[in-house]
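What follows is query_14.cif (mmCIF, C-alpha atoms).
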data_my_file
#
loop_
_atom_site.label_atom_id
_atom_site.label_comp_id
_atom_site.auth_asym_id
_atom_site.auth_seq_id
_atom_site.Cartn_x
_atom_site.Cartn_y
_atom_site.Cartn_z
CA MET U 1 85.12 61.90 129.79
CA VAL U 2 82.28 64.21 128.73
CA TYR U 3 82.44 66.33 125.60
CA TYR U 4 80.20 68.09 123.09
CA ASP U 5 80.18 66.69 119.54
CA SER U 6 80.01 68.83 116.40
CA ASP U 7 76.22 69.04 116.74
CA GLY U 8 76.53 70.34 120.30
CA VAL U 9 75.24 67.07 121.79
CA GLU U 10 76.83 65.99 125.06
CA GLN U 11 78.69 62.69 124.75
CA PHE U 12 80.25 60.40 127.34
CA GLN U 13 83.44 58.53 126.49
CA PRO U 14 84.61 55.98 129.06
CA ALA U 15 88.40 55.69 129.31
CA GLU U 16 90.91 53.86 131.48
CA VAL U 17 93.56 56.47 130.73
CA VAL U 18 93.19 60.02 129.43
CA ILE U 19 96.15 61.61 127.65
CA MET U 20 95.95 65.33 126.95
CA ALA U 21 97.85 67.00 124.13
CA CYS U 22 96.24 70.44 123.77
CA ASN U 23 99.42 72.47 124.44
CA GLY U 24 100.05 75.50 126.60
CA VAL U 25 96.69 77.22 126.15
CA GLY U 26 94.29 74.40 125.26
CA THR U 27 95.37 72.13 128.10
CA PRO U 28 94.83 74.63 130.96
CA ARG U 29 91.62 75.84 129.32
CA LEU U 30 90.27 72.30 129.33
CA LEU U 31 91.46 71.56 132.87
CA LEU U 32 90.08 74.83 134.27
CA ASN U 33 86.77 74.28 132.47
CA SER U 34 86.58 70.80 134.02
CA ALA U 35 85.95 72.10 137.53
CA SER U 36 83.55 69.99 139.58
CA GLY U 37 82.51 69.46 143.18
CA ARG U 38 85.52 67.23 143.65
CA PHE U 39 87.86 69.57 141.79
CA PRO U 40 86.43 73.04 142.43
CA ASP U 41 89.49 74.91 141.11
CA GLY U 42 89.74 72.85 137.95
CA LEU U 43 90.92 69.35 137.22
CA ALA U 44 94.45 68.47 138.40
CA ASN U 45 94.80 71.90 139.98
CA SER U 46 95.40 71.31 143.69
CA SER U 47 98.67 73.19 143.27
CA GLY U 48 96.84 76.20 141.82
CA LEU U 49 99.42 76.20 139.02
CA VAL U 50 97.22 75.09 136.11
CA GLY U 51 97.41 77.96 133.64
CA LYS U 52 100.27 79.71 135.45
CA ASN U 53 103.88 80.11 134.27
CA LEU U 54 102.91 80.61 130.64
CA MET U 55 106.09 80.90 128.59
CA PHE U 56 107.03 81.63 125.02
CA HIS U 57 110.52 82.00 123.61
CA PRO U 58 110.58 85.64 122.51
CA TRP U 59 112.52 86.30 119.32
CA ALA U 60 114.48 89.25 118.07
CA LEU U 61 116.13 89.81 114.71
CA VAL U 62 119.24 91.81 113.88
CA ASN U 63 119.22 92.46 110.15
CA GLY U 64 121.84 93.96 107.90
CA TYR U 65 122.80 94.02 104.24
CA VAL U 66 126.17 92.96 102.86
CA ASP U 67 127.79 93.44 99.46
CA GLU U 68 128.04 89.73 98.72
CA PRO U 69 125.00 87.98 97.20
CA MET U 70 123.46 85.80 99.92
CA ASP U 71 121.53 83.63 97.51
CA GLY U 72 118.91 82.70 100.08
CA HIS U 73 116.07 82.49 97.57
CA ARG U 74 117.67 79.38 96.03
CA GLY U 75 117.84 77.27 99.16
CA PRO U 76 116.90 77.14 102.80
CA PRO U 77 117.49 80.60 104.22
CA LEU U 78 118.36 79.16 107.63
CA CYS U 79 121.98 78.10 107.38
CA LEU U 80 123.72 78.18 110.77
CA TRP U 81 122.90 77.84 114.43
CA SER U 82 125.05 78.75 117.39
CA GLN U 83 124.50 77.83 121.01
CA GLU U 84 127.62 79.61 122.25
CA PHE U 85 125.45 81.70 124.58
CA TYR U 86 122.93 79.00 125.49
CA GLU U 87 124.16 78.07 128.96
CA THR U 88 124.09 80.25 132.07
CA ASP U 89 126.99 82.67 132.55
CA ARG U 90 126.04 85.06 135.36
CA SER U 91 128.61 87.61 134.21
CA ARG U 92 126.17 88.39 131.38
CA GLY U 93 123.52 89.64 133.79
CA PHE U 94 120.91 86.96 133.23
CA VAL U 95 120.42 83.23 133.71
CA ARG U 96 120.02 80.65 130.96
CA GLY U 97 120.64 81.79 127.41
CA TYR U 98 119.63 81.90 123.79
CA ASN U 99 120.11 80.32 120.42
CA PHE U 100 121.49 82.26 117.45
CA GLN U 101 119.94 81.39 114.12
CA PHE U 102 121.56 82.81 110.99
CA ASN U 103 119.56 83.41 107.83
CA ARG U 104 121.05 84.25 104.45
CA SER U 105 118.39 86.47 102.87
CA ILE U 106 114.83 85.61 101.97
CA GLY U 107 112.62 85.53 98.90
CA ILE U 108 111.95 88.71 96.98
CA CYS U 109 108.30 89.15 97.97
CA THR U 110 109.03 88.92 101.70
CA GLU U 111 112.10 91.11 101.27
CA ALA U 112 110.00 93.72 99.45
CA VAL U 113 107.48 93.83 102.28
CA TYR U 114 110.18 93.92 104.95
CA THR U 115 112.34 96.63 103.39
CA GLU U 116 109.35 98.84 102.69
CA ALA U 117 108.05 98.47 106.23
CA ALA U 118 111.51 99.18 107.64
CA GLY U 119 111.64 102.42 105.66
CA LEU U 120 114.61 101.25 103.59
CA VAL U 121 112.80 101.46 100.27
CA PRO U 122 110.85 104.56 99.18
CA TRP U 123 107.65 104.84 97.25
CA GLY U 124 108.04 106.29 93.76
CA GLU U 125 111.00 106.88 91.51
CA GLY U 126 113.66 105.70 93.94
CA HIS U 127 111.94 102.40 94.62
CA HIS U 128 113.70 100.25 92.02
CA ASP U 129 117.27 101.39 92.71
CA ALA U 130 116.82 101.11 96.47
CA PHE U 131 115.21 97.67 96.41
CA ARG U 132 117.62 96.20 93.88
CA GLY U 133 120.51 97.29 96.09
CA LEU U 134 119.11 95.28 98.99
CA VAL U 135 117.29 92.23 97.68
CA GLY U 136 119.35 89.07 98.04
CA HIS U 137 121.89 90.77 100.31
CA ARG U 138 120.24 90.48 103.69
CA MET U 139 122.09 88.74 106.52
CA SER U 140 119.84 88.10 109.47
CA VAL U 141 120.77 87.05 112.99
CA GLY U 142 117.78 85.51 114.75
CA ILE U 143 117.72 85.33 118.55
CA CYS U 144 115.59 82.70 120.27
CA THR U 145 115.56 83.29 124.03
CA GLU U 146 114.84 80.82 126.80
CA ASP U 147 111.88 82.19 128.74
CA LEU U 148 111.51 81.52 132.47
CA PRO U 149 108.39 80.65 134.49
CA GLU U 150 106.63 83.59 136.16
CA GLU U 151 103.24 82.99 137.74
CA HIS U 152 101.78 86.31 136.62
CA ASN U 153 102.13 85.11 133.03
CA ARG U 154 99.10 82.90 132.80
CA VAL U 155 96.10 81.41 131.05
CA THR U 156 92.77 81.86 132.80
CA LEU U 157 89.17 81.53 131.73
CA ASP U 158 87.74 84.66 130.18
CA PRO U 159 84.76 85.82 132.27
CA ASN U 160 82.87 87.00 129.20
CA LEU U 161 84.15 85.47 125.99
CA LYS U 162 82.77 82.02 125.11
CA ASP U 163 83.06 79.71 122.12
CA LEU U 164 80.07 78.73 119.98
CA HIS U 165 79.14 76.00 122.48
CA GLY U 166 79.09 78.51 125.34
CA ILE U 167 82.32 77.20 126.87
CA PRO U 168 84.55 79.91 128.39
CA ALA U 169 87.43 80.93 126.16
CA PRO U 170 91.01 81.28 127.39
CA ARG U 171 92.35 84.64 128.46
CA ILE U 172 96.09 85.21 128.18
CA ASP U 173 98.09 87.59 130.35
CA TYR U 174 101.77 87.85 129.47
CA THR U 175 104.61 90.33 129.66
CA ILE U 176 108.19 89.64 128.66
CA GLY U 177 110.15 89.12 131.87
CA GLU U 178 113.14 91.08 133.11
CA ASN U 179 115.55 88.16 132.64
CA THR U 180 114.40 87.63 129.06
CA ASN U 181 114.67 91.35 128.32
CA ARG U 182 118.24 91.44 129.66
CA MET U 183 118.98 88.39 127.52
CA LEU U 184 117.58 90.16 124.46
CA ASP U 185 119.70 93.26 125.21
CA PHE U 186 122.85 91.16 125.42
CA ALA U 187 122.03 89.04 122.37
CA ILE U 188 121.18 92.02 120.18
CA ASP U 189 124.53 93.62 121.04
CA ARG U 190 126.31 90.40 120.03
CA GLY U 191 124.26 90.27 116.83
CA LYS U 192 125.28 93.83 115.98
CA GLU U 193 128.93 92.88 116.53
CA ILE U 194 128.57 89.94 114.17
CA LEU U 195 127.00 92.04 111.44
CA ALA U 196 129.58 94.80 111.91
CA ALA U 197 132.35 92.22 111.48
CA ALA U 198 130.64 91.07 108.29
CA GLY U 199 130.58 94.63 106.94
CA ALA U 200 126.79 94.91 107.00
CA ARG U 201 125.01 98.22 106.45
CA HIS U 202 121.45 99.34 107.18
CA VAL U 203 121.55 97.36 110.44
CA ASN U 204 118.10 97.31 112.02
CA ILE U 205 116.46 95.52 114.90
CA THR U 206 113.12 93.76 115.20
CA ARG U 207 112.27 93.22 118.89
CA PRO U 208 110.26 91.24 119.61
CA VAL U 209 109.42 89.50 116.36
CA VAL U 210 105.63 89.69 116.29
CA TYR U 211 105.11 86.81 113.87
CA GLY U 212 107.29 84.19 115.55
CA GLY U 213 108.51 82.92 118.89
CA TRP U 214 105.13 82.47 120.52
CA HIS U 215 104.95 78.74 121.09
CA LEU U 216 102.68 77.98 124.04
CA LEU U 217 104.49 76.45 126.96
CA GLY U 218 104.61 75.87 130.69
CA THR U 219 101.05 76.03 132.04
CA ALA U 220 100.93 72.55 133.61
CA ARG U 221 104.52 72.22 134.66
CA MET U 222 106.35 69.00 135.44
CA GLY U 223 107.94 68.39 138.84
CA ASN U 224 108.33 66.12 141.82
CA ASP U 225 106.56 68.39 144.32
CA PRO U 226 102.74 68.22 144.00
CA GLU U 227 102.51 71.67 145.57
CA ARG U 228 104.76 73.21 142.91
CA SER U 229 103.86 71.27 139.79
CA VAL U 230 100.90 69.74 137.93
CA VAL U 231 102.36 66.51 136.55
CA ASN U 232 105.08 64.27 137.92
CA SER U 233 108.41 63.46 136.29
CA TRP U 234 106.80 61.06 133.83
CA GLY U 235 103.78 63.15 132.84
CA ARG U 236 101.09 61.81 135.18
CA SER U 237 98.88 64.30 136.96
CA HIS U 238 99.64 64.47 140.67
CA ASP U 239 95.92 64.70 141.45
CA VAL U 240 94.26 62.41 138.88
CA LYS U 241 96.26 59.26 138.44
CA ASN U 242 94.85 58.22 135.07
CA LEU U 243 95.39 61.65 133.52
CA PHE U 244 98.58 62.30 131.52
CA ILE U 245 99.77 65.40 129.68
CA VAL U 246 102.15 65.12 126.73
CA ASP U 247 102.32 68.66 125.31
CA GLY U 248 104.24 71.92 125.74
CA SER U 249 102.38 72.82 128.91
CA ILE U 250 104.61 70.51 130.97
CA PHE U 251 107.81 72.47 130.13
CA VAL U 252 109.56 73.98 133.16
CA THR U 253 111.42 76.60 131.12
CA SER U 254 110.75 77.31 127.47
CA GLY U 255 114.10 76.28 126.05
CA GLY U 256 115.76 78.61 123.59
CA VAL U 257 114.73 76.66 120.50
CA ASN U 258 111.49 75.81 118.77
CA PRO U 259 109.86 73.22 121.04
CA THR U 260 108.21 70.66 118.76
CA CYS U 261 111.05 68.12 118.79
CA THR U 262 111.19 68.32 122.59
CA ILE U 263 107.42 67.90 122.85
CA GLN U 264 107.66 64.84 120.62
CA ALA U 265 110.49 63.44 122.72
CA LEU U 266 108.51 64.03 125.92
CA ALA U 267 105.46 62.34 124.41
CA LEU U 268 107.53 59.30 123.48
CA TYR U 269 109.17 59.27 126.92
CA ILE U 270 105.82 59.46 128.72
CA ALA U 271 104.29 56.80 126.47
CA ASP U 272 107.25 54.57 127.24
CA SER U 273 106.90 55.32 130.96
CA ILE U 274 103.23 54.31 130.83
CA LYS U 275 104.16 51.11 129.06
CA GLN U 276 106.90 50.29 131.58
CA ARG U 277 104.58 50.93 134.54
CA LEU U 278 101.38 49.25 133.41
CA ALA U 279 101.13 47.07 136.51
CA THR U 280 101.51 50.02 138.90
CA LEU U 281 100.29 52.86 136.71
CA PHE U 282 97.73 54.23 139.16
CA ASP U 283 99.67 53.68 142.37
CA MET J 1 85.14 88.09 92.80
CA ASN J 2 87.03 90.50 95.04
CA GLU J 3 86.81 93.12 92.31
CA GLN J 4 83.12 93.35 93.13
CA THR J 5 83.90 94.18 96.73
CA LEU J 6 85.62 97.45 95.79
CA THR J 7 83.73 100.33 94.20
CA GLU J 8 84.87 101.74 90.87
CA ALA J 9 86.15 104.81 92.67
CA GLU J 10 88.15 102.67 95.12
CA ILE J 11 89.63 100.65 92.27
CA ALA J 12 90.62 103.84 90.45
CA ASP J 13 92.29 105.24 93.55
CA LEU J 14 94.03 101.94 94.28
CA ARG J 15 95.39 101.75 90.75
CA CYS J 16 96.67 105.29 90.84
CA LEU J 17 98.32 104.72 94.22
CA ALA J 18 99.85 101.37 93.16
CA GLY J 19 101.50 103.14 90.23
CA MET J 20 102.88 105.75 92.58
CA ILE J 21 104.25 103.17 95.03
CA ILE J 22 106.03 101.30 92.21
CA PRO J 23 106.19 103.24 88.97
CA PRO J 24 107.44 101.68 85.72
CA SER J 25 111.17 101.82 85.08
CA ALA J 26 112.72 102.19 81.66
CA LYS J 27 116.13 101.65 83.27
CA TYR J 28 115.21 98.15 84.39
CA GLY J 29 112.59 97.47 81.70
CA VAL J 30 109.80 96.74 84.16
CA PRO J 31 106.18 97.86 84.35
CA GLY J 32 104.69 99.70 87.30
CA ALA J 33 102.30 98.15 89.79
CA ASP J 34 99.43 99.75 87.85
CA ASP J 35 100.19 97.54 84.85
CA ASP J 36 97.06 95.69 83.61
CA THR J 37 98.27 92.20 84.55
CA ILE J 38 99.79 93.14 87.89
CA PHE J 39 96.90 95.34 88.94
CA SER J 40 94.42 92.62 88.06
CA ASP J 41 96.41 90.31 90.36
CA ILE J 42 96.36 92.94 93.11
CA VAL J 43 92.60 93.39 92.97
CA SER J 44 91.90 89.66 92.90
CA SER J 45 94.33 89.02 95.77
CA ILE J 46 92.91 91.44 98.32
CA GLY J 47 90.82 88.69 99.90
CA ARG J 48 90.92 88.78 103.69
CA ASP J 49 92.66 92.17 103.60
CA ARG J 50 89.64 93.89 102.12
CA ASP J 51 88.65 95.76 105.28
CA ASP J 52 92.13 97.18 105.77
CA VAL J 53 92.51 98.04 102.08
CA CYS J 54 89.16 99.81 102.08
CA ALA J 55 90.09 101.68 105.26
CA ALA J 56 93.36 102.81 103.67
CA LEU J 57 91.52 103.93 100.53
CA ALA J 58 89.02 105.85 102.63
CA THR J 59 91.90 107.69 104.31
CA LEU J 60 93.42 108.32 100.90
CA HIS J 61 90.16 109.71 99.59
CA ALA J 62 89.83 112.01 102.56
CA LEU J 63 93.40 113.28 102.23
CA ALA J 64 92.99 113.85 98.49
CA GLY J 65 89.57 115.45 98.85
CA GLY J 66 88.38 113.42 95.87
CA PRO J 67 89.79 111.04 93.25
CA LEU J 68 93.57 110.79 93.53
CA ALA J 69 94.02 110.72 89.77
CA ALA J 70 92.28 114.08 89.46
CA LEU J 71 95.08 115.83 91.34
CA GLY J 72 98.20 117.27 89.80
CA ALA J 73 101.40 115.28 90.10
CA ALA J 74 102.87 117.40 92.88
CA ARG J 75 99.72 117.28 94.99
CA ARG J 76 99.40 113.52 94.41
CA GLY J 77 102.91 113.11 95.74
CA GLU J 78 102.08 115.13 98.85
CA VAL J 79 98.97 113.07 99.49
CA ALA J 80 100.82 109.79 99.02
CA ALA J 81 103.60 110.86 101.36
CA ARG J 82 101.10 111.86 104.03
CA LEU J 83 99.19 108.62 103.57
CA ARG J 84 102.34 106.59 104.07
CA ALA J 85 103.33 108.59 107.15
CA GLU J 86 99.94 108.72 108.83
CA GLY J 87 97.90 105.84 107.42
CA GLY J 88 98.95 103.27 109.99
CA SER J 89 98.31 99.55 109.78
CA PRO J 90 95.72 99.64 106.94
CA VAL J 91 98.22 101.36 104.64
CA SER J 92 100.86 98.78 105.58
CA VAL J 93 98.41 96.06 104.57
CA LEU J 94 97.55 97.76 101.28
CA THR J 95 101.24 98.21 100.50
CA ARG J 96 101.94 94.57 101.28
CA VAL J 97 99.31 93.42 98.80
CA VAL J 98 100.79 95.66 96.10
CA LEU J 99 104.36 94.49 96.76
CA LEU J 100 103.53 90.80 96.89
CA CYS J 101 101.70 90.90 93.56
CA TYR J 102 104.32 93.09 91.89
CA TYR J 103 107.29 90.96 92.80
CA ARG J 104 105.71 87.69 91.71
CA ASP J 105 105.12 88.99 88.19
CA ASP J 106 107.18 87.00 85.68
CA ARG J 107 108.59 90.09 83.98
CA VAL J 108 109.73 91.57 87.26
CA MET J 109 111.30 88.31 88.42
CA VAL J 110 113.24 87.94 85.17
CA SER J 111 114.45 91.53 85.40
CA LEU J 112 115.89 90.68 88.84
CA GLY J 113 117.83 87.77 87.35
CA LEU J 114 115.46 85.14 88.71
CA GLU J 115 113.76 82.30 86.92
CA ALA J 116 110.05 83.02 86.53
CA ARG J 117 108.95 80.00 88.52
CA PRO J 118 108.35 79.00 92.11
CA PRO J 119 111.26 77.31 93.92
CA PHE J 120 109.36 74.05 94.19
CA PRO J 121 109.11 71.36 92.94
CA LYS J 122 112.12 71.82 90.64
CA GLY J 123 114.35 73.34 93.29
CA HIS J 124 117.81 74.83 92.71
CA GLU J 125 121.26 73.30 92.61
CA LEU J 126 123.55 75.06 95.05
CA GLU J 127 127.32 75.27 94.95
CA GLN J 128 129.13 73.80 97.95
CA GLY J 129 130.39 76.32 100.47
CA ASP J 130 133.79 76.24 102.12
CA TRP J 131 133.22 73.64 104.82
CA SER J 132 136.75 74.15 106.19
CA LEU J 133 135.42 77.33 107.81
CA LEU J 134 133.89 75.02 110.39
CA ASP J 135 137.18 73.30 111.25
CA PRO J 136 137.93 75.61 114.22
CA VAL J 137 134.43 74.98 115.53
CA ARG J 138 134.87 71.24 115.29
CA ALA J 139 138.28 71.42 116.94
CA ARG J 140 137.32 73.33 120.06
CA LYS J 141 136.13 71.82 123.29
CA PRO J 142 132.37 71.47 123.89
CA PHE J 143 130.82 74.44 125.69
CA TRP J 144 127.56 72.70 126.45
CA ARG J 145 126.62 70.62 129.47
CA PRO J 146 127.00 66.87 129.01
CA ALA J 147 123.73 64.92 129.16
CA SER J 148 123.28 63.53 132.63
#

Could you render the structure from this file as structure tokens?
Amino acid sequence: MVYYDSDGVEQFQPAEVVIMACNGVGTPRLLLNSASGRFPDGLANSSGLVGKNLMFHPWALVNGYVDEPMDGHRGPPLCLWSQEFYETDRSRGFVRGYNFQFNRSIGICTEAVYTEAAGLVPWGEGHHDAFRGLVGHRMSVGICTEDLPEEHNRVTLDPNLKDLHGIPAPRIDYTIGENTNRMLDFAIDRGKEILAAAGARHVNITRPVVYGGWHLLGTARMGNDPERSVVNSWGRSHDVKNLFIVDGSIFVTSGGVNPTCTIQALALYIADSIKQRLATLFD
Amino acid sequence: MNEQTLTEAEIADLRCLAGMIIPPSAKYGVPGADDDTIFSDIVSSIGRDRDDVCAALATLHALAGGPLAALGAARRGEVAARLRAEGGSPVSVLTRVVLLCYYRDDRVMVSLGLEARPPFPKGHELEQGDWSLLDPVRARKPFWRPAS
């Protein structure tokens, strides 16, 4: 393996096995930047799928305010999850599903910023009465959708932008897909029903949440078919038999939850697979 | 240190605006955001938001046609309302800095019935909820796919 050290000096590191863990943007960037005469389209990219099928798990929030004190500033605000709508039910108009995450208010500083930005709290004389009627009373329904692979959502190499070593930077192209948007529509309606049943007022929607839900997934997908995937079912590159990937890029859908535990589980599974196959690892 | 990155005129406008965003309240016994201690915190906390704050203050200065404090109360109110409506992202950033510093002031926290301390490391003791609410959930059949 060849890399540049912190002084910009090229270094060579021999290795029997290379295991990548740079996640959904770093991994395809590194593979695409590793093009050579033998791998002209980038390392491990005979399928042409390295960098494609970028997924996140877009979030939405349905917020409302109830009369009861929610007390969230004294403990973890996240208090309940529901996966009632996690599995596919085609009568809903989309495939796969989402995770509901219920939050019982947040700290006063964050609440102050949120309520002001949402136009619920005025500047000036009315500020104190308005804010004190809301702080500590927010009930929030978070929606974490399962994103699906679409090849136009992708990581490529930016033709102009480079890092300080002159190595091309990643370029990200992504739009929220039709299935995910239908899922958000459905989930937001259910969230509104929940808040209405709880007697919430000032119900407002954040869609998508700009500060969360953007874990980087899917750009070196796992699969049995070398023409439709980058790594096999135990994380080994189809093209380069001593190259393994153990990060979020090998996801085939995003999952409707935060992905770190799954990434850790996959890394342990792939490490165990390597260990079990030592005698035939490169076959 | 950050104080040096704002001009005296910018600091004066920022202080006047902060007091308009959150004025003092005799009803709740709290200072405004232009209070000496809170405003000092605001100025020293601008940090990475300096460019946005300065952009917002430049818009404010243009709308006011001069120092905000030099205007009459009614005109100041008009300028502030227009700034909030038209100032865009830089004004949102400025407002965030003001709010964050205001609501971490000990006097304000106490007035809201909170202890004037961070949640950690002491933490809080919470009362148990009614766990029987989950009994129907526990009793129903699984709706998820079994692991294969």

Task: Residue list as a PyMOL selection string for point (115.6, 90.1, 87.8), cut-off 12 Å, only C-alpha atoms - done: (chain U and resi 108+128+131-132+135-136) or (chain J and resi 28-30+103-116)

Just say which residues the PyMOL selection byres ((chain J) within 6 of (chain U)) picks in this file, as a PDB file with C-alpha atoms, keeping the file's coordinate frame.
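Written out: expr24.pdb:
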ATOM      1  CA  MET J  20     102.880 105.750  92.580  1.00  0.00           C
ATOM      2  CA  ILE J  21     104.250 103.170  95.030  1.00  0.00           C
ATOM      3  CA  ILE J  22     106.030 101.300  92.210  1.00  0.00           C
ATOM      4  CA  PRO J  23     106.190 103.240  88.970  1.00  0.00           C
ATOM      5  CA  ARG J  96     101.940  94.570 101.280  1.00  0.00           C
ATOM      6  CA  LEU J 100     103.530  90.800  96.890  1.00  0.00           C
ATOM      7  CA  TYR J 103     107.290  90.960  92.800  1.00  0.00           C
ATOM      8  CA  HIS J 124     117.810  74.830  92.710  1.00  0.00           C
TER       9      HIS J 124
END

Open item on the list: What does the structure give for the distance between atom CA of U:Val2 and atom CA of U:Val25, in Å to one decimal?
Closed with: 19.6 Å

TODO: Could you expand the PyMOL selection byres ((chain J and resi 19) around 12) into the explicit residues it covers here, written as number ranges by chain?
DONE: U: 123-125, 127; J: 12-18, 20-25, 31-36, 38-39, 42, 68-69, 76-77, 80, 95, 98-99, 102

- [ ] Rank nothing, just name the residue among U:Ala169, U:Ala267, U:Ala44, U:Leu217 nearest to U:Gly255, using all atoms listed in the file.
- [x] U:Leu217

Open item on the list: Let me make sure I understand: among U:Gly93, U:Pro58, U:Pro208, U:Gly166, which one has the smallest atom-to-atom distance to U:Gly256 if we use only C-alpha atoms?
Closed with: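 The shortest atom-to-atom distance to U:Gly256 comes from U:Pro58.
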
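Look at stretch 209-216 of chain U: the protein and nucleic acid residues within 10 Å of it, using only C-alpha atoms and passing over chain neighbours fewer than 5 places away, are Cys22, Asn23, Gly24, Val25, Gly26, Leu54, Met55, Phe56, His57, Pro58, Trp59, Ala60, Leu61, Gly142, Ile143, Cys144, Thr145, Asp247, Gly248, Ser249, Phe251, Ser254, Gly256, Val257, Asn258, Pro259 and Thr260 of chain U.
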
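Atom CA of U:Phe282 lies 5.3 Å from atom CA of U:Lys241.
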
Task: Straight-line distance linking atom CA of U:Val62 with atom CA of U:Thr88, stated in Å to one decimal - done: 22.1 Å

TODO: Considering all atoms listed in the file, return as a PyMOL selection string whatever protein or nucleic-acid residues lie within 10 Å of U:Asp67, sequence-local ones (same chain, fewer than 5 positions apart) excluded.
DONE: chain U and resi 133-134+136-138+198-201

With C-alpha atoms retained, could you export that selection as a tab-separated table (two decimals), in the frame of the given file?
chain	number	residue	atom	x	y	z
U	133	GLY	CA	120.51	97.29	96.09
U	134	LEU	CA	119.11	95.28	98.99
U	136	GLY	CA	119.35	89.07	98.04
U	137	HIS	CA	121.89	90.77	100.31
U	138	ARG	CA	120.24	90.48	103.69
U	198	ALA	CA	130.64	91.07	108.29
U	199	GLY	CA	130.58	94.63	106.94
U	200	ALA	CA	126.79	94.91	107.00
U	201	ARG	CA	125.01	98.22	106.45

- [ ] Would you list the contacts of stretch 148-155 of chain U as a ChimeraX atom specification, taking every protein, DNA or RNA residue within 6 Å and counting only C-alpha atoms, but skipping same-chain residues closer than 3 positions in sequence?
- [x] /U:51-54,171-174,253

Quick check on the file I pasted: which residues fall under the PyMOL selection byres ((chain J and resi 92) around 12)? Write them as a PDB file with C-alpha atoms, in the frame of the given file.
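Generated file (selection.pdb):
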ATOM      1  CA  VAL U 113     107.480  93.830 102.280  1.00  0.00           C
ATOM      2  CA  TYR U 114     110.180  93.920 104.950  1.00  0.00           C
ATOM      3  CA  THR U 115     112.340  96.630 103.390  1.00  0.00           C
ATOM      4  CA  GLU U 116     109.350  98.840 102.690  1.00  0.00           C
ATOM      5  CA  ALA U 117     108.050  98.470 106.230  1.00  0.00           C
ATOM      6  CA  ALA U 118     111.510  99.180 107.640  1.00  0.00           C
ATOM      7  CA  GLY U 119     111.640 102.420 105.660  1.00  0.00           C
TER       8      GLY U 119
ATOM      9  CA  ILE J  21     104.250 103.170  95.030  1.00  0.00           C
ATOM     10  CA  ASP J  49      92.660  92.170 103.600  1.00  0.00           C
ATOM     11  CA  ASP J  52      92.130  97.180 105.770  1.00  0.00           C
ATOM     12  CA  VAL J  53      92.510  98.040 102.080  1.00  0.00           C
ATOM     13  CA  ALA J  55      90.090 101.680 105.260  1.00  0.00           C
ATOM     14  CA  ALA J  56      93.360 102.810 103.670  1.00  0.00           C
ATOM     15  CA  LEU J  57      91.520 103.930 100.530  1.00  0.00           C
ATOM     16  CA  LEU J  83      99.190 108.620 103.570  1.00  0.00           C
ATOM     17  CA  ARG J  84     102.340 106.590 104.070  1.00  0.00           C
ATOM     18  CA  ALA J  85     103.330 108.590 107.150  1.00  0.00           C
ATOM     19  CA  GLU J  86      99.940 108.720 108.830  1.00  0.00           C
ATOM     20  CA  GLY J  87      97.900 105.840 107.420  1.00  0.00           C
ATOM     21  CA  GLY J  88      98.950 103.270 109.990  1.00  0.00           C
ATOM     22  CA  SER J  89      98.310  99.550 109.780  1.00  0.00           C
ATOM     23  CA  PRO J  90      95.720  99.640 106.940  1.00  0.00           C
ATOM     24  CA  VAL J  91      98.220 101.360 104.640  1.00  0.00           C
ATOM     25  CA  VAL J  93      98.410  96.060 104.570  1.00  0.00           C
ATOM     26  CA  LEU J  94      97.550  97.760 101.280  1.00  0.00           C
ATOM     27  CA  THR J  95     101.240  98.210 100.500  1.00  0.00           C
ATOM     28  CA  ARG J  96     101.940  94.570 101.280  1.00  0.00           C
ATOM     29  CA  VAL J  97      99.310  93.420  98.800  1.00  0.00           C
ATOM     30  CA  VAL J  98     100.790  95.660  96.100  1.00  0.00           C
ATOM     31  CA  LEU J  99     104.360  94.490  96.760  1.00  0.00           C
TER      32      LEU J  99
END

- [ ] Give the answer as one residue: which of U:Cys261, U:Met139, U:Leu281, U:Leu30 has the shortest atom-to-atom distance to U:Ile194, using all atoms listed in the file?
- [x]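 Among the listed residues, U:Met139 lies closest to U:Ile194.
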
Coordinates of box centre and edge lengths for stretch 209-228 of chain U, 5 Å on every side, axis-aligned, as JSON:
{"center_x": 105.2, "center_y": 77.9, "center_z": 129.7, "size_x": 18.5, "size_y": 33.6, "size_z": 41.7}

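Between U:Pro76 and the residues J:Arg82, J:Ile11, J:Glu125, J:Arg140, the shortest atom-to-atom distance, using only C-alpha atoms, involves J:Glu125.
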